[in-house]
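Everything on this sheet refers to the single structure shown next.
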Amino acid sequence: MSEVVVVGSANVDHRLLVSEFPAPGQTVKAVEFDMGPGGKGANQAVAAARAGAKTQMIASIGADIAGQSLRQVLSQAGIDIAKVQIQAGTPTGAAYVMVNSAGENSIIVAAGANSALATADLATLQSGDYVLLQLEIPLPLVEEAIFKAHSRQAKVVVNVSPADDRMKPFLGLIDVLIVNELELGQVAELIDLPVAEVEIADIAKAVAGKLGNTVVCTLGPKGALLVAGDELLAVDAPKVPAVDTTGAGDTFAGYLVAGLAANVPIADALARAVTAGAIAVTKPGAIEAIPFAADVDRMIAGG
Ligand code: RIB
């Protein structure tokens with residue numbers, strides 16, 4: 001089986017449940033507060049591992065309790081953490097996640113040790129392995145990882161989140177682009193494609209056509225769509241009560257890449273990823289909410 005190597009962020013998430021997001025200048029009281037493991041990279045690595053993929057993570061954390069606890073969480077998920085770097089004197093990345101009563105979130109990320117991730121050692125990468133990246137680590141490193149992965153005939157999957165205009169020069173080197181609706185529009189505009197009054201599926205087709213890659217767009221409670229060449233696949237999401245959407249997109253990405261690495265037919269990989277993302281929104285937190293493969297099987301079977 002091909003390996004999934006996630007090069008990305010690891011954060012401690014400070015989660016504040018609020019009735020409503022504060023307006024500028026307003027103070028609101030949190031209904032609930034807790035802390036837990038997160039970060040787009042760590043979330044995606046755990047999702048890939050829980051989906052059954054052999055998973056390795058390259059990340060950077062601080063020499064602090066948050067970093068220690070993240071190492072433990074990743075390792076307990078069965079992820080190879082030998083290349084997780086520990087930075088003395090720099091705190092582990094932190095995210096401040098506000099969740100409202102509709103389960104929607106608003107996040108501020110302080111990169112901390114994530115910004116010290118200086119190099120990605122991809123020497124063990126084999127042809128057919130998958131490198132999964134997001135944009136919460138320094139962009140030059142994302143670029144370096146993409147080039148290294150290509151030189152080893154590995155597949156490159158980038159979740160363009162949070163979107164960054166500076167990635168324009170290497171968009172064409174990405175095999176699979178994972179975006180949400182907003183990020184899809186941002187990518188389309190970056191490569192000079194029209195977005196105003198254009199249907200999401202048509203934007204995805206235009207982006208995939210211009211970049212010559214596979215484009216996957218998550219649609220929240222509406223599921224996801226995928227465009228590869230002339231093929232357009234759309235999968236509806238199961239209806240679930242939304243408690244907290246934090247990390248649902250990461251769960252989707254990790255599950256999707258695990259499916260691709262296991263050579264599962266793309267429609268099945270997409271359906272499993274959508275189901276996994278839907279389960280994740282029914283629970284609070286990021287990593288704590290990521291389902292195991294058996295949970296996904298059960299929901300697909302109608303349980
Ligand atoms: O995608 C969700 C993640 O974004 C959170 O876990 C938080 O750490 C931020 O990185």
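All residue names refer to the structure tokens as shown: chains lettered A, B, ... in order, residues numbered from 1 in each chain, ligands numbered from 1 in order.
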Expected answer as a PyMOL selection string: strand (DSSP E or B) residues in region 22-241 of chain A: chain A and resi 32-38+54-62+80+84-87+93-99+105-110+130-133+155-159+176-180+214-218+224-228+231-235
Long-range neighbours of Phe21 (chain A) as a PyMOL selection string, 12 Å cut-off, only C-alpha atoms, 5 positions minimum in chain: chain A and resi 16+26-31+97-107
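Separating CA of Gly302 (chain A) from CA of Ala280 (chain A) is a distance of 16.5 Å.
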Members of region 19-188 of chain A assigned helix (DSSP H, G or I) by DSSP, as a PyMOL selection string: chain A and resi 40-50+65-76+112-116+139-151+165-173+181-188
For Gln186 (chain A): contacts at 10 Å, only C-alpha atoms, fewer than 6 positions along chain excluded, given as a PDB file with N, CA and C atoms, in the first residue's frame:
```pdb
ATOM      1  N   VAL A 160      -5.771  23.808  -0.384  1.00  0.00           N
ATOM      2  CA  VAL A 160      -5.382  25.230  -0.462  1.00  0.00           C
ATOM      3  C   VAL A 160      -6.083  26.005   0.652  1.00  0.00           C
ATOM      4  N   ALA A 163      -6.193  29.999   1.811  1.00  0.00           N
ATOM      5  CA  ALA A 163      -5.729  30.362   0.469  1.00  0.00           C
ATOM      6  C   ALA A 163      -4.624  31.416   0.536  1.00  0.00           C
ATOM      7  N   ASP A 164      -3.712  31.365  -0.411  1.00  0.00           N
ATOM      8  CA  ASP A 164      -2.565  32.277  -0.424  1.00  0.00           C
ATOM      9  C   ASP A 164      -2.204  32.555  -1.889  1.00  0.00           C
ATOM     10  N   ASP A 165      -2.270  33.830  -2.274  1.00  0.00           N
ATOM     11  CA  ASP A 165      -1.996  34.219  -3.668  1.00  0.00           C
ATOM     12  C   ASP A 165      -0.618  33.800  -4.148  1.00  0.00           C
ATOM     13  N   VAL A 179     -10.294  22.079  -2.250  1.00  0.00           N
ATOM     14  CA  VAL A 179     -10.694  23.437  -1.871  1.00  0.00           C
ATOM     15  C   VAL A 179     -12.140  23.432  -1.383  1.00  0.00           C
ATOM     16  N   ASN A 180     -12.515  24.494  -0.661  1.00  0.00           N
ATOM     17  CA  ASN A 180     -13.943  24.694  -0.423  1.00  0.00           C
ATOM     18  C   ASN A 180     -14.437  25.708  -1.473  1.00  0.00           C
ATOM     19  N   ASP A 192      -6.879  33.640 -13.544  1.00  0.00           N
ATOM     20  CA  ASP A 192      -7.615  34.488 -14.501  1.00  0.00           C
ATOM     21  C   ASP A 192      -8.843  33.830 -15.116  1.00  0.00           C
ATOM     22  N   LEU A 193      -9.569  33.070 -14.320  1.00  0.00           N
ATOM     23  CA  LEU A 193     -10.828  32.494 -14.800  1.00  0.00           C
ATOM     24  C   LEU A 193     -11.982  33.278 -14.196  1.00  0.00           C
ATOM     25  N   VAL A 195     -15.451  34.054 -12.305  1.00  0.00           N
ATOM     26  CA  VAL A 195     -16.200  33.354 -11.246  1.00  0.00           C
ATOM     27  C   VAL A 195     -17.598  33.941 -11.041  1.00  0.00           C
TER      28      VAL A 195
END
```
Residues within 9 Å of Ala116 (chain A), only C-alpha atoms, excluding chain neighbours under 6 positions, as a list in words: Ser60, Ile61, Gln87, Thr90, Ile137 and Pro138 of chain A
Print the selection's residues with C-alpha atoms to a file, as a PDB file, in the first residue's frame.
```
ATOM      1  CA  SER A  60       7.196  21.338  13.841  1.00  0.00           C
ATOM      2  CA  ILE A  61       6.097  21.765  17.451  1.00  0.00           C
ATOM      3  CA  GLN A  87      11.795  23.703  18.431  1.00  0.00           C
ATOM      4  CA  THR A  90       9.198  28.587  20.238  1.00  0.00           C
ATOM      5  CA  ILE A 137       3.292  26.161   7.163  1.00  0.00           C
ATOM      6  CA  PRO A 138       5.825  28.413   5.366  1.00  0.00           C
TER       7      PRO A 138
END
```
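For ligand 1, the set of protein, DNA and RNA residues within 8 Å, based on only C-alpha atoms and all ligand atoms, reads Ser9, Ala10, Asn11, Val12, Asp13, Pro37, Gly38, Gly39, Lys40, Gly41, Ala42, Asn43, Gly93, Ala94, Ala95, Tyr96, Val97, Ile107, Ile108, Val109, Glu136, Thr246, Gly247, Ala248, Gly249, Asp250, Gly285, Ala286 and Ile287 of chain A.
Note that CA of Val240 (chain A) and CA of Val176 (chain A) are 27.4 Å apart.
For the set A:Leu74, A:Ile191, A:Ala51, A:Leu260, the residue with the smallest atom-to-atom gap to Asp295 (chain A) is A:Ala51, counting only C-alpha atoms.
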For Lys210 (chain A): contacts at 10 Å, only C-alpha atoms, fewer than 3 positions along chain excluded, given as an NGL selection string: :A and (172 or 188 or 191-193 or 204-207 or 213)
If you keep N, CA and C atoms, can you produce a file of those selected residues as a compact mmCIF listing (two decimals), in the first residue's frame?
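Result file is selection-v4.txt:
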```
# COMPACT_ATOMS: atom_id res chain seq x y z
N GLY A 172 0.15 24.48 -11.02
CA GLY A 172 0.15 23.48 -12.09
C GLY A 172 0.88 22.21 -11.72
N ALA A 188 -9.51 30.16 -8.88
CA ALA A 188 -9.94 30.49 -10.25
C ALA A 188 -9.50 31.91 -10.61
N ILE A 191 -5.87 32.29 -11.49
CA ILE A 191 -5.43 31.86 -12.83
C ILE A 191 -6.32 32.50 -13.91
N ASP A 192 -6.88 33.64 -13.54
CA ASP A 192 -7.62 34.49 -14.50
C ASP A 192 -8.84 33.83 -15.12
N LEU A 193 -9.57 33.07 -14.32
CA LEU A 193 -10.83 32.49 -14.80
C LEU A 193 -11.98 33.28 -14.20
N ALA A 204 -15.09 24.60 -11.18
CA ALA A 204 -14.19 23.46 -10.92
C ALA A 204 -13.71 22.85 -12.23
N LYS A 205 -14.62 22.72 -13.20
CA LYS A 205 -14.22 22.16 -14.51
C LYS A 205 -13.19 23.06 -15.19
N ALA A 206 -13.43 24.37 -15.11
CA ALA A 206 -12.51 25.31 -15.77
C ALA A 206 -11.13 25.27 -15.11
N VAL A 207 -11.12 25.20 -13.77
CA VAL A 207 -9.83 25.17 -13.06
C VAL A 207 -9.09 23.87 -13.40
N ASN A 213 -5.30 19.16 -13.73
CA ASN A 213 -5.23 18.29 -12.55
C ASN A 213 -6.64 17.89 -12.12
```
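Counting from CA of Leu139 (chain A), the distance to CA of Asp202 (chain A) is 28.4 Å.
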Neighbour list for region 271-279 of chain A as a ChimeraX atom specification, cut-off 9 Å, only C-alpha atoms, skip fewer than 6 positions in-chain: /A:47,51,218,220-221,223-224,234-240,242,245,247-257,259,289-293,295-297,299-300
Neighbour list for region 197-200 of chain A as a count of residues only, cut-off 10 Å, only C-alpha atoms, skip fewer than 5 positions in-chain: 9
Residue nearest Ser161 (chain A) - candidates A:Ile178, A:Ala149, A:Glu144, A:Ala269, atoms counted: only C-alpha atoms: A:Ile178
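Of the residues listed (A:Val215, A:Leu17, A:Val187, A:Val6), A:Val215 shows the shortest atom-to-atom separation from Asp230 (chain A); distances use only C-alpha atoms.
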